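Written below as structure tokens is the structure these notes are about.
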Amino acid sequence: MVNDQSATAVVQRLFLQHSARLRGFVSGLVPDRGSAEDIFQEIFLTVTCKAADFRVEDNFLAWARGIARLKALEYFRKNSRRPQLLSEDLLEALASSAGRSDSLWEERRSAVAACIQKLAPRARQILEMRYAEAPVTPQEIAQRLTWTVSAVHVALTRARKFLQECSRRRLAVGE
Amino acid sequence: MMDERLFYLLEAYQEQRLNECEANELRDRLRTSAAARQDFWEYFDQAAMIEDVLRESSGRDLALLEAGEKEAVMPSKAVASRSRTRVWLSMIGASLAACVLIAVGLVWRPGPDQPRPNSPESESAAMIRSVVGDVQIAEASGKTMPATVNEGIRAGQIVNVGDDESQVGILLADGTQITLGSGSALRFSDGNTEDGERLHLVKGTMQVQSGHPAPKANMVVTTAHARIVSAARRFRLYHENDSSRVELEEGTMSVERLSDNTAVEMTDGCFVVARTELEPLTPRSIPISHCLLRHTLLRSGEVAVFSPDGSRLLTYHFARGWKAWSTLDGKQIASAAGTNQPINGFAFTGAGSVLALSQTGIASFWDLGNEPAFATTLRDKDVRHGAVSPDGRWLAQATRKSEVAVWEADPHEERITLSQSLTIQPSRVALSTTGPKGPQVAVSQWGGEIRIFDVKTGVESAAFRMKSTPTPLALSADSRFVAAYANKEGLVLFDQDRKTSQNFWPGQGACVSSLFFAADGKVLLAGLEDGTVRAWSTGDGQCLFVLETGFRRVSHVSASANLSLIATCGDGFCAKIWECQLP
């Protein structure tokens, strides 16, 4: 058990370190961005409150994902009237299969970062609009660029595919 | 390799545009195939990585976290007697923006013995680590090119940061991190001088965080007014109109004034101002902020206002809408959809509801827990700026049609009526509430004039002048004080009663992005683009504290009525609630 005095500091620091991974996990289970952000905030509060329960020898990500899974389930139950793609059993199946490539996260992230630099300017612009600090919807991107929404979707798909293939290549050659 | 169809389905799922057939297909694949589930997470991991890379949160919190890694978090409120470092450690639960640095900045920390693959090329003096807005690298020949992340900076080059919230993060080969604020220019010298001079701040602001707890080599930075030889862990340098200001947070340094070669030694928590004219070069203490971070509200909003009793904080994000938070436990207690438009102002009314005014001229009342029930359109065209009085009774709109429209709101009847239409060419407006003068509206104009009007009679009661157009602008609740910031002359406080003005913060340094008066008008808070919040006493002009928020930039600052809580909004639409004790 972590010393109470520093427990909060320890888990919050770990949360900061793993926040991108946790964000990806929550986004996978709850694709609605606003709801995912709310759940993310709740996870932060919960890990802070439960800091004393965390043991330093434990896997923080697995612990935090467990909390995130419960928060996602809670969200689904609260919004059960809305159609949800993921049923509870499917959510459980997905949640239990997450984190298998945690050990490669940093390498993969570095590869993605390098590959983003190689995107064509327009592709990067669209990717930034969709994923950067103040993300805008494909509809809004289409309006800004005077494109069709379909064209924006196609461009995003191509950019994501390019990043996937490019980062795989980089990882394969050990760059 | 993920097949095309699954990739398409996952993307449609992420964008929430799956039709029923596609949803069934995706469900089936995820249920029956472990490989599909693996691909699912690969897809969402990649999305998270893209966000992580693209979001330009520089992660000062993490830097602070790193700085105090060996220290314990503040266990209690008893901060007054503790060191500055320990106070900063209370920020440990800070914004998620910090995560970017983990992966980008701090992982890449080459040391002399451990060259890393991404280190600057051998001829590079440094590397661009993050870019926000317009950042250019200029050659000695005058040729300029846009700066890009991971680009090397060579000796002789100048990094120029544009205005409008631009910023750049730079990593030196020894792991030192430099952040240049908007309007800054930093020249990288050859490094061949005897004392190793390598940086010259031509203009603007820079913040420096050493890569080592105890820097082994001195860093030499010059400005037009001073030469700084630093062995500091952290410091801030502001190049102002006629002076250079150095604020040393941790470590030691010597500062030499170039006009007369006077030098002083500085230690933790001191600042010194070197002017061209001769005056004592005396280090003074940076007032410690007795503030503890109470809550971090992730991606909550760009502006925040406390309820009158301080128990709730209301935040607004143009896309995510309204959220009300308990200041006690940081939990969200109510939310409502936004208008997808920036907000001009909002305040709690005497009836317990919230009155808001959007940039598009929509005024609405919101009872927490319900959807906004009443909305009406005020001036909706050519609106330049707007404001809501702190008591939620008055609204003002500055339009491009030479008009300031002032509206009176009745929160009980949920009615809004036009009170005054002032013919004036406005830039910004601010409203007061109570006091013997009654509610007043301050109107700034292009060119720097600030005029004060009684909102009930429309009669002008006072006028002040600045050298350039102020932004932002604030009026104390009792209308006595007007605070305004303009690049040319900095932050100025005008006192209507005494007919005096005081300059609190110089221009040309770190810009002020937000101003807030305490309810009693005795304290002025300013959120700055260097990530600090500074507080001054309006009575004697004394700086009360400097709070490092951990944000790259503070976009909004506000406080509870008794000033025991301060809310700051910054990077990533993150809001932080601080528990403060004023000295």
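Each chain of the structure tokens is named A, B, ... in the order shown, its residues numbered from 1; ligands are numbered from 1 in display order.
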Taking only C-alpha atoms into account, produce a table as JSON lines in which each residue of chain A with an atom at most 6 Å from an atom of chain B appears once, together with its shortest atom pair and the distance in Å to one decimal, ordered by chain and rising number.
{"residue": "A:Ser6", "atom": "CA", "partner": "B:Ala72", "partner_atom": "CA", "distance": 5.8}
{"residue": "A:Ala9", "atom": "CA", "partner": "B:Val73", "partner_atom": "CA", "distance": 5.7}
{"residue": "A:Gln12", "atom": "CA", "partner": "B:Gly93", "partner_atom": "CA", "distance": 5.4}
{"residue": "A:Leu16", "atom": "CA", "partner": "B:Cys99", "partner_atom": "CA", "distance": 5.4}
{"residue": "A:Gln17", "atom": "CA", "partner": "B:Cys99", "partner_atom": "CA", "distance": 5.7}
{"residue": "A:Ala20", "atom": "CA", "partner": "B:Ala48", "partner_atom": "CA", "distance": 5.8}
{"residue": "A:Gly24", "atom": "CA", "partner": "B:Ala48", "partner_atom": "CA", "distance": 4.8}
{"residue": "A:Gly28", "atom": "CA", "partner": "B:Phe44", "partner_atom": "CA", "distance": 5.8}
{"residue": "A:Pro31", "atom": "CA", "partner": "B:Gln14", "partner_atom": "CA", "distance": 5.2}
{"residue": "A:Gln41", "atom": "CA", "partner": "B:Leu298", "partner_atom": "CA", "distance": 5.8}
{"residue": "A:Arg109", "atom": "CA", "partner": "B:Met49", "partner_atom": "CA", "distance": 5.7}
{"residue": "A:Tyr131", "atom": "CA", "partner": "B:Glu51", "partner_atom": "CA", "distance": 5.2}
{"residue": "A:Ala132", "atom": "CA", "partner": "B:Arg55", "partner_atom": "CA", "distance": 4.9}
{"residue": "A:Glu133", "atom": "CA", "partner": "B:Arg55", "partner_atom": "CA", "distance": 5.0}
Can you write just those residues out, N, CA and C atoms, as a short mmCIF file (atom, residue, chain, number, x, y, z; two decimals), in the first residue's frame?
data_model
loop_
_atom_site.label_atom_id
_atom_site.label_comp_id
_atom_site.auth_asym_id
_atom_site.auth_seq_id
_atom_site.Cartn_x
_atom_site.Cartn_y
_atom_site.Cartn_z
N SER A 6 1.58 10.28 0.20
CA SER A 6 2.00 10.47 -1.19
C SER A 6 1.17 9.67 -2.18
N ALA A 9 -0.41 11.75 -4.87
CA ALA A 9 0.60 12.23 -5.82
C ALA A 9 1.02 11.13 -6.78
N GLN A 12 -1.85 10.26 -9.30
CA GLN A 12 -2.10 11.34 -10.25
C GLN A 12 -0.95 11.46 -11.24
N LEU A 16 -1.29 11.00 -15.24
CA LEU A 16 -0.75 11.92 -16.25
C LEU A 16 0.08 11.16 -17.26
N GLN A 17 0.90 10.27 -16.76
CA GLN A 17 1.79 9.53 -17.66
C GLN A 17 1.02 8.66 -18.64
N ALA A 20 -2.96 9.42 -22.22
CA ALA A 20 -3.30 9.20 -23.64
C ALA A 20 -3.84 7.79 -23.83
N GLY A 24 -7.60 6.80 -25.05
CA GLY A 24 -7.89 5.90 -26.17
C GLY A 24 -8.83 4.79 -25.73
N GLY A 28 -12.66 4.28 -27.18
CA GLY A 28 -13.06 3.04 -27.84
C GLY A 28 -14.40 2.55 -27.31
N PRO A 31 -17.67 6.25 -27.97
CA PRO A 31 -17.15 7.11 -29.04
C PRO A 31 -17.65 8.55 -28.99
N GLN A 41 -12.93 12.54 -16.92
CA GLN A 41 -12.84 13.37 -15.71
C GLN A 41 -13.23 12.56 -14.47
N ARG A 109 3.94 5.38 -30.72
CA ARG A 109 3.64 6.80 -30.70
C ARG A 109 4.71 7.61 -31.42
N TYR A 131 -8.49 16.26 -34.88
CA TYR A 131 -7.92 15.65 -33.67
C TYR A 131 -7.20 16.61 -32.74
N ALA A 132 -7.00 17.84 -33.16
CA ALA A 132 -6.19 18.73 -32.33
C ALA A 132 -7.00 19.28 -31.16
N GLU A 133 -6.47 20.32 -30.54
CA GLU A 133 -6.98 20.79 -29.26
C GLU A 133 -8.46 21.10 -29.25
#
Selection: 8 Å around B:Thr267, only C-alpha atoms, excl. self and same-chain fewer than 5 positions, as a VMD selection string: chain B and resid 248 250 to 253
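Neighbouring residues of stretch 454-459 of chain B at 9 Å or closer, counting only C-alpha atoms and skipping chain neighbours under 2 positions away, are B:Trp394, B:Val406, B:Trp407, B:Ser419, B:Gln420, B:Ser421, B:Leu422, B:Leu431, B:Lys437, B:Gly438, B:Pro439, B:Gln440, B:Val441, B:Ile452, B:Ser461.
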Restricting it to C-alpha atoms, dump the selection as a CSV table (one decimal), in the first residue's frame.
chain,number,residue,atom,x,y,z
B,394,TRP,CA,-27.1,43.8,-16.9
B,406,VAL,CA,-27.1,48.0,-22.6
B,407,TRP,CA,-29.9,45.6,-21.5
B,419,SER,CA,-32.0,50.1,-21.2
B,420,GLN,CA,-29.6,52.3,-23.2
B,421,SER,CA,-28.3,52.6,-26.7
B,422,LEU,CA,-25.1,54.6,-26.6
B,431,LEU,CA,-20.0,46.2,-16.6
B,437,LYS,CA,-22.5,55.2,-8.5
B,438,GLY,CA,-25.0,52.6,-9.6
B,439,PRO,CA,-24.3,50.2,-12.4
B,440,GLN,CA,-22.0,51.6,-15.0
B,441,VAL,CA,-20.5,50.4,-18.3
B,452,ILE,CA,-17.6,55.2,-18.4
B,461,SER,CA,-19.2,59.9,-15.9
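With atom CA of B:Thr144 on one side and atom CA of B:Gln157 on the other, the separation reads 9.4 Å.
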Identify, with DSSP run on backbone atoms, the residues in stretch 187-308 of chain B assigned to strand (DSSP E), and express the list as a compact mmCIF listing (two decimals) with N, CA and C atoms, in the first residue's frame.
# COMPACT_ATOMS: atom_id res chain seq x y z
N ARG B 187 17.51 34.85 -30.39
CA ARG B 187 18.61 34.55 -31.32
C ARG B 187 19.57 33.55 -30.68
N PHE B 188 19.95 32.58 -31.44
CA PHE B 188 20.93 31.60 -31.00
C PHE B 188 22.30 32.04 -31.49
N LEU B 199 22.39 32.66 -26.13
CA LEU B 199 21.02 33.09 -26.40
C LEU B 199 20.88 34.60 -26.19
N HIS B 200 20.13 35.22 -27.08
CA HIS B 200 19.85 36.64 -26.92
C HIS B 200 18.36 36.84 -27.14
N LEU B 201 17.68 37.28 -26.09
CA LEU B 201 16.25 37.55 -26.21
C LEU B 201 16.08 38.93 -26.82
N VAL B 202 15.68 38.96 -28.07
CA VAL B 202 15.54 40.22 -28.78
C VAL B 202 14.31 40.97 -28.28
N LYS B 203 13.24 40.22 -28.05
CA LYS B 203 12.01 40.84 -27.52
C LYS B 203 11.13 39.73 -26.95
N GLY B 204 10.15 40.13 -26.16
CA GLY B 204 9.16 39.18 -25.66
C GLY B 204 9.56 38.51 -24.35
N THR B 205 9.10 37.27 -24.21
CA THR B 205 9.28 36.56 -22.94
C THR B 205 9.83 35.16 -23.18
N MET B 206 10.59 34.70 -22.25
CA MET B 206 11.02 33.30 -22.31
C MET B 206 10.99 32.70 -20.91
N GLN B 207 10.62 31.43 -20.88
CA GLN B 207 10.63 30.69 -19.63
C GLN B 207 11.60 29.54 -19.80
N VAL B 208 12.39 29.32 -18.80
CA VAL B 208 13.45 28.33 -18.91
C VAL B 208 13.32 27.31 -17.79
N GLN B 209 13.39 26.08 -18.18
CA GLN B 209 13.40 24.98 -17.20
C GLN B 209 14.59 24.10 -17.54
N MET B 219 24.14 28.96 -18.12
CA MET B 219 23.47 29.36 -19.35
C MET B 219 23.52 30.88 -19.38
N VAL B 220 23.93 31.43 -20.49
CA VAL B 220 24.05 32.88 -20.57
C VAL B 220 23.01 33.41 -21.55
N VAL B 221 22.19 34.31 -21.04
CA VAL B 221 21.16 34.92 -21.87
C VAL B 221 21.33 36.42 -21.78
N THR B 222 21.26 37.07 -22.90
CA THR B 222 21.36 38.53 -22.90
C THR B 222 20.08 39.14 -23.46
N ALA B 226 20.26 43.60 -20.15
CA ALA B 226 20.88 42.79 -19.10
C ALA B 226 21.60 41.57 -19.67
N ARG B 227 22.51 41.08 -18.85
CA ARG B 227 23.20 39.83 -19.16
C ARG B 227 22.99 38.90 -17.97
N ILE B 228 22.46 37.74 -18.24
CA ILE B 228 22.11 36.81 -17.17
C ILE B 228 22.98 35.58 -17.29
N VAL B 229 23.70 35.28 -16.22
CA VAL B 229 24.47 34.04 -16.18
C VAL B 229 23.76 33.14 -15.18
N SER B 230 23.14 32.10 -15.70
CA SER B 230 22.20 31.34 -14.88
C SER B 230 22.69 29.93 -14.58
N ARG B 234 14.85 27.02 -12.80
CA ARG B 234 13.71 27.61 -13.50
C ARG B 234 13.75 29.12 -13.36
N PHE B 235 13.53 29.80 -14.46
CA PHE B 235 13.37 31.24 -14.38
C PHE B 235 12.56 31.77 -15.56
N ARG B 236 12.07 32.98 -15.41
CA ARG B 236 11.32 33.65 -16.48
C ARG B 236 12.02 34.96 -16.78
N LEU B 237 12.06 35.31 -18.05
CA LEU B 237 12.71 36.55 -18.47
C LEU B 237 11.75 37.33 -19.36
N TYR B 238 11.56 38.59 -19.02
CA TYR B 238 10.64 39.44 -19.77
C TYR B 238 11.43 40.63 -20.34
N HIS B 239 11.39 40.75 -21.64
CA HIS B 239 12.03 41.91 -22.28
C HIS B 239 10.93 42.94 -22.49
N SER B 243 13.21 47.97 -20.17
CA SER B 243 13.85 47.20 -19.11
C SER B 243 13.74 45.71 -19.39
N SER B 244 14.48 44.96 -18.60
CA SER B 244 14.35 43.50 -18.64
C SER B 244 14.08 43.03 -17.21
N ARG B 245 13.15 42.13 -17.08
CA ARG B 245 12.76 41.64 -15.77
C ARG B 245 13.07 40.15 -15.72
N VAL B 246 13.75 39.75 -14.67
CA VAL B 246 14.07 38.34 -14.49
C VAL B 246 13.39 37.87 -13.22
N GLU B 247 12.63 36.78 -13.32
CA GLU B 247 12.02 36.19 -12.14
C GLU B 247 12.63 34.80 -11.95
N LEU B 248 13.35 34.64 -10.88
CA LEU B 248 14.06 33.39 -10.62
C LEU B 248 13.25 32.54 -9.65
N GLU B 249 12.81 31.42 -10.13
CA GLU B 249 11.98 30.56 -9.27
C GLU B 249 12.82 29.58 -8.48
N GLU B 250 13.87 29.07 -9.09
CA GLU B 250 14.63 28.02 -8.41
C GLU B 250 16.06 28.04 -8.91
N MET B 253 21.58 32.72 -9.95
CA MET B 253 22.03 33.38 -11.18
C MET B 253 22.62 34.74 -10.84
N SER B 254 23.37 35.27 -11.78
CA SER B 254 23.78 36.66 -11.63
C SER B 254 23.21 37.46 -12.78
N VAL B 255 22.81 38.67 -12.46
CA VAL B 255 22.23 39.55 -13.46
C VAL B 255 23.07 40.82 -13.52
N GLU B 256 23.53 41.13 -14.71
CA GLU B 256 24.33 42.33 -14.89
C GLU B 256 23.55 43.32 -15.74
N ARG B 257 23.46 44.55 -15.25
CA ARG B 257 22.80 45.58 -16.05
C ARG B 257 23.83 46.13 -17.03
N ALA B 263 26.13 44.43 -11.21
CA ALA B 263 25.67 43.04 -11.20
C ALA B 263 25.16 42.67 -9.82
N VAL B 264 24.18 41.79 -9.80
CA VAL B 264 23.67 41.27 -8.53
C VAL B 264 23.56 39.75 -8.62
N GLU B 265 23.70 39.13 -7.46
CA GLU B 265 23.51 37.68 -7.37
C GLU B 265 22.08 37.44 -6.89
N MET B 266 21.45 36.45 -7.44
CA MET B 266 20.05 36.18 -7.05
C MET B 266 19.89 34.74 -6.60
N CYS B 270 13.30 35.28 -6.21
CA CYS B 270 13.57 36.71 -6.32
C CYS B 270 13.34 37.19 -7.74
N PHE B 271 13.10 38.46 -7.88
CA PHE B 271 13.09 39.05 -9.22
C PHE B 271 13.86 40.35 -9.19
N VAL B 272 14.32 40.74 -10.36
CA VAL B 272 15.04 42.00 -10.47
C VAL B 272 14.66 42.63 -11.81
N VAL B 273 14.63 43.95 -11.83
CA VAL B 273 14.32 44.66 -13.06
C VAL B 273 15.54 45.51 -13.44
N ALA B 274 16.08 45.27 -14.61
CA ALA B 274 17.22 46.04 -15.09
C ALA B 274 16.73 47.05 -16.11
N ARG B 275 16.85 48.33 -15.75
CA ARG B 275 16.41 49.38 -16.66
C ARG B 275 17.62 50.04 -17.28
N ARG B 284 14.27 41.60 -5.42
CA ARG B 284 13.14 41.62 -4.49
C ARG B 284 12.43 40.27 -4.53
N SER B 285 11.66 40.00 -3.52
CA SER B 285 10.99 38.70 -3.44
C SER B 285 9.76 38.65 -4.34
N CYS B 291 -1.67 29.37 -2.53
CA CYS B 291 -2.77 28.69 -3.23
C CYS B 291 -2.44 27.22 -3.40
N LEU B 292 -3.42 26.41 -3.14
CA LEU B 292 -3.30 24.98 -3.38
C LEU B 292 -4.29 24.57 -4.45
N LEU B 293 -3.84 23.72 -5.33
CA LEU B 293 -4.76 23.23 -6.36
C LEU B 293 -5.79 22.31 -5.71
N ARG B 294 -7.04 22.67 -5.86
CA ARG B 294 -8.06 21.83 -5.25
C ARG B 294 -8.61 20.83 -6.26
N HIS B 295 -8.94 21.30 -7.46
CA HIS B 295 -9.49 20.39 -8.46
C HIS B 295 -9.01 20.75 -9.86
N THR B 296 -8.85 19.72 -10.65
CA THR B 296 -8.56 19.91 -12.07
C THR B 296 -9.77 19.39 -12.84
N LEU B 297 -10.39 20.24 -13.61
CA LEU B 297 -11.59 19.86 -14.35
C LEU B 297 -11.19 19.75 -15.82
N VAL B 303 -14.05 29.43 -20.12
CA VAL B 303 -14.33 30.47 -19.13
C VAL B 303 -15.02 29.82 -17.93
N ALA B 304 -14.87 30.44 -16.76
CA ALA B 304 -15.44 29.85 -15.55
C ALA B 304 -15.86 30.96 -14.59
N VAL B 305 -16.98 30.74 -13.93
CA VAL B 305 -17.49 31.73 -12.97
C VAL B 305 -18.02 30.99 -11.74
N PHE B 306 -17.75 31.53 -10.57
CA PHE B 306 -18.23 30.92 -9.32
C PHE B 306 -19.64 31.40 -9.01
Distance query B:Glu414 at most 10 Å, only C-alpha atoms, self and fewer than 3 positions along chain excluded, as a PyMOL selection string: chain B and resi 351+353+355+364-366+373-376+409-411
Shell around B:Gly301 at 6 Å using only C-alpha atoms, local window under 6 positions removed, as a ChimeraX atom specification: /B:315-317,573
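When only C-alpha atoms are used to measure the gap to A:Leu91, the shortest distance among A:Ile126, A:Ala51, A:Val26, A:Val10 belongs to A:Val26.
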Using DSSP on the backbone coordinates, identify all residues within stretch 44-87 of chain A classified as alpha helix (DSSP H); present the result as a PDB file with N, CA and C atoms, in the first residue's frame.
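Below is the file that was written, part_18.pdb:
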ATOM      1  N   PHE A  44     -10.466  10.327 -13.414  1.00  0.00           N
ATOM      2  CA  PHE A  44      -9.445  11.110 -12.703  1.00  0.00           C
ATOM      3  C   PHE A  44      -9.840  11.298 -11.242  1.00  0.00           C
ATOM      4  N   LEU A  45     -11.106  11.663 -11.045  1.00  0.00           N
ATOM      5  CA  LEU A  45     -11.579  11.875  -9.673  1.00  0.00           C
ATOM      6  C   LEU A  45     -11.553  10.569  -8.881  1.00  0.00           C
ATOM      7  N   THR A  46     -11.957   9.488  -9.558  1.00  0.00           N
ATOM      8  CA  THR A  46     -12.032   8.209  -8.844  1.00  0.00           C
ATOM      9  C   THR A  46     -10.642   7.703  -8.462  1.00  0.00           C
ATOM     10  N   VAL A  47      -9.702   7.781  -9.397  1.00  0.00           N
ATOM     11  CA  VAL A  47      -8.358   7.289  -9.031  1.00  0.00           C
ATOM     12  C   VAL A  47      -7.776   8.152  -7.912  1.00  0.00           C
ATOM     13  N   THR A  48      -8.139   9.447  -7.925  1.00  0.00           N
ATOM     14  CA  THR A  48      -7.661  10.312  -6.841  1.00  0.00           C
ATOM     15  C   THR A  48      -8.261   9.872  -5.505  1.00  0.00           C
ATOM     16  N   CYS A  49      -9.578   9.613  -5.538  1.00  0.00           N
ATOM     17  CA  CYS A  49     -10.245   9.200  -4.294  1.00  0.00           C
ATOM     18  C   CYS A  49      -9.742   7.842  -3.807  1.00  0.00           C
ATOM     19  N   PHE A  60      -0.664  -0.029 -12.920  1.00  0.00           N
ATOM     20  CA  PHE A  60      -1.562   1.122 -12.834  1.00  0.00           C
ATOM     21  C   PHE A  60      -2.567   1.134 -13.977  1.00  0.00           C
ATOM     22  N   LEU A  61      -2.082   0.848 -15.174  1.00  0.00           N
ATOM     23  CA  LEU A  61      -2.985   0.919 -16.324  1.00  0.00           C
ATOM     24  C   LEU A  61      -4.136  -0.074 -16.191  1.00  0.00           C
ATOM     25  N   ALA A  62      -3.810  -1.263 -15.734  1.00  0.00           N
ATOM     26  CA  ALA A  62      -4.868  -2.270 -15.579  1.00  0.00           C
ATOM     27  C   ALA A  62      -5.871  -1.799 -14.521  1.00  0.00           C
ATOM     28  N   TRP A  63      -5.359  -1.219 -13.466  1.00  0.00           N
ATOM     29  CA  TRP A  63      -6.226  -0.704 -12.394  1.00  0.00           C
ATOM     30  C   TRP A  63      -7.121   0.423 -12.928  1.00  0.00           C
ATOM     31  N   ALA A  64      -6.507   1.367 -13.624  1.00  0.00           N
ATOM     32  CA  ALA A  64      -7.273   2.511 -14.131  1.00  0.00           C
ATOM     33  C   ALA A  64      -8.250   2.069 -15.215  1.00  0.00           C
ATOM     34  N   ARG A  65      -7.843   1.096 -16.024  1.00  0.00           N
ATOM     35  CA  ARG A  65      -8.770   0.594 -17.052  1.00  0.00           C
ATOM     36  C   ARG A  65      -9.970  -0.093 -16.403  1.00  0.00           C
ATOM     37  N   GLY A  66      -9.702  -0.754 -15.295  1.00  0.00           N
ATOM     38  CA  GLY A  66     -10.813  -1.383 -14.571  1.00  0.00           C
ATOM     39  C   GLY A  66     -11.820  -0.330 -14.120  1.00  0.00           C
ATOM     40  N   ILE A  67     -11.315   0.770 -13.618  1.00  0.00           N
ATOM     41  CA  ILE A  67     -12.201   1.866 -13.200  1.00  0.00           C
ATOM     42  C   ILE A  67     -12.921   2.440 -14.417  1.00  0.00           C
ATOM     43  N   ALA A  68     -12.170   2.607 -15.505  1.00  0.00           N
ATOM     44  CA  ALA A  68     -12.767   3.161 -16.727  1.00  0.00           C
ATOM     45  C   ALA A  68     -13.869   2.249 -17.258  1.00  0.00           C
ATOM     46  N   ARG A  69     -13.634   0.943 -17.173  1.00  0.00           N
ATOM     47  CA  ARG A  69     -14.637  -0.015 -17.649  1.00  0.00           C
ATOM     48  C   ARG A  69     -15.936   0.143 -16.845  1.00  0.00           C
ATOM     49  N   LEU A  70     -15.784   0.264 -15.543  1.00  0.00           N
ATOM     50  CA  LEU A  70     -16.970   0.431 -14.702  1.00  0.00           C
ATOM     51  C   LEU A  70     -17.691   1.744 -15.003  1.00  0.00           C
ATOM     52  N   LYS A  71     -16.899   2.783 -15.246  1.00  0.00           N
ATOM     53  CA  LYS A  71     -17.507   4.080 -15.566  1.00  0.00           C
ATOM     54  C   LYS A  71     -18.250   4.006 -16.894  1.00  0.00           C
ATOM     55  N   ALA A  72     -17.680   3.275 -17.848  1.00  0.00           N
ATOM     56  CA  ALA A  72     -18.345   3.138 -19.148  1.00  0.00           C
ATOM     57  C   ALA A  72     -19.644   2.348 -18.992  1.00  0.00           C
ATOM     58  N   LEU A  73     -19.589   1.297 -18.183  1.00  0.00           N
ATOM     59  CA  LEU A  73     -20.804   0.506 -17.942  1.00  0.00           C
ATOM     60  C   LEU A  73     -21.886   1.366 -17.288  1.00  0.00           C
ATOM     61  N   GLU A  74     -21.442   2.147 -16.334  1.00  0.00           N
ATOM     62  CA  GLU A  74     -22.361   3.059 -15.642  1.00  0.00           C
ATOM     63  C   GLU A  74     -23.019   4.013 -16.654  1.00  0.00           C
ATOM     64  N   TYR A  75     -22.181   4.492 -17.568  1.00  0.00           N
ATOM     65  CA  TYR A  75     -22.686   5.409 -18.597  1.00  0.00           C
ATOM     66  C   TYR A  75     -23.732   4.712 -19.467  1.00  0.00           C
ATOM     67  N   PHE A  76     -23.443   3.481 -19.874  1.00  0.00           N
ATOM     68  CA  PHE A  76     -24.388   2.742 -20.719  1.00  0.00           C
ATOM     69  C   PHE A  76     -25.702   2.513 -19.982  1.00  0.00           C
ATOM     70  N   ARG A  77     -25.603   2.205 -18.711  1.00  0.00           N
ATOM     71  CA  ARG A  77     -26.835   1.945 -17.955  1.00  0.00           C
ATOM     72  C   ARG A  77     -27.659   3.216 -17.811  1.00  0.00           C
ATOM     73  N   LYS A  78     -26.956   4.313 -17.578  1.00  0.00           N
ATOM     74  CA  LYS A  78     -27.671   5.586 -17.453  1.00  0.00           C
ATOM     75  C   LYS A  78     -28.353   5.970 -18.758  1.00  0.00           C
TER      76      LYS A  78
END
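Picture a line from atom CA of B:Leu525 to atom CA of B:Ala559; it runs 8.5 Å.
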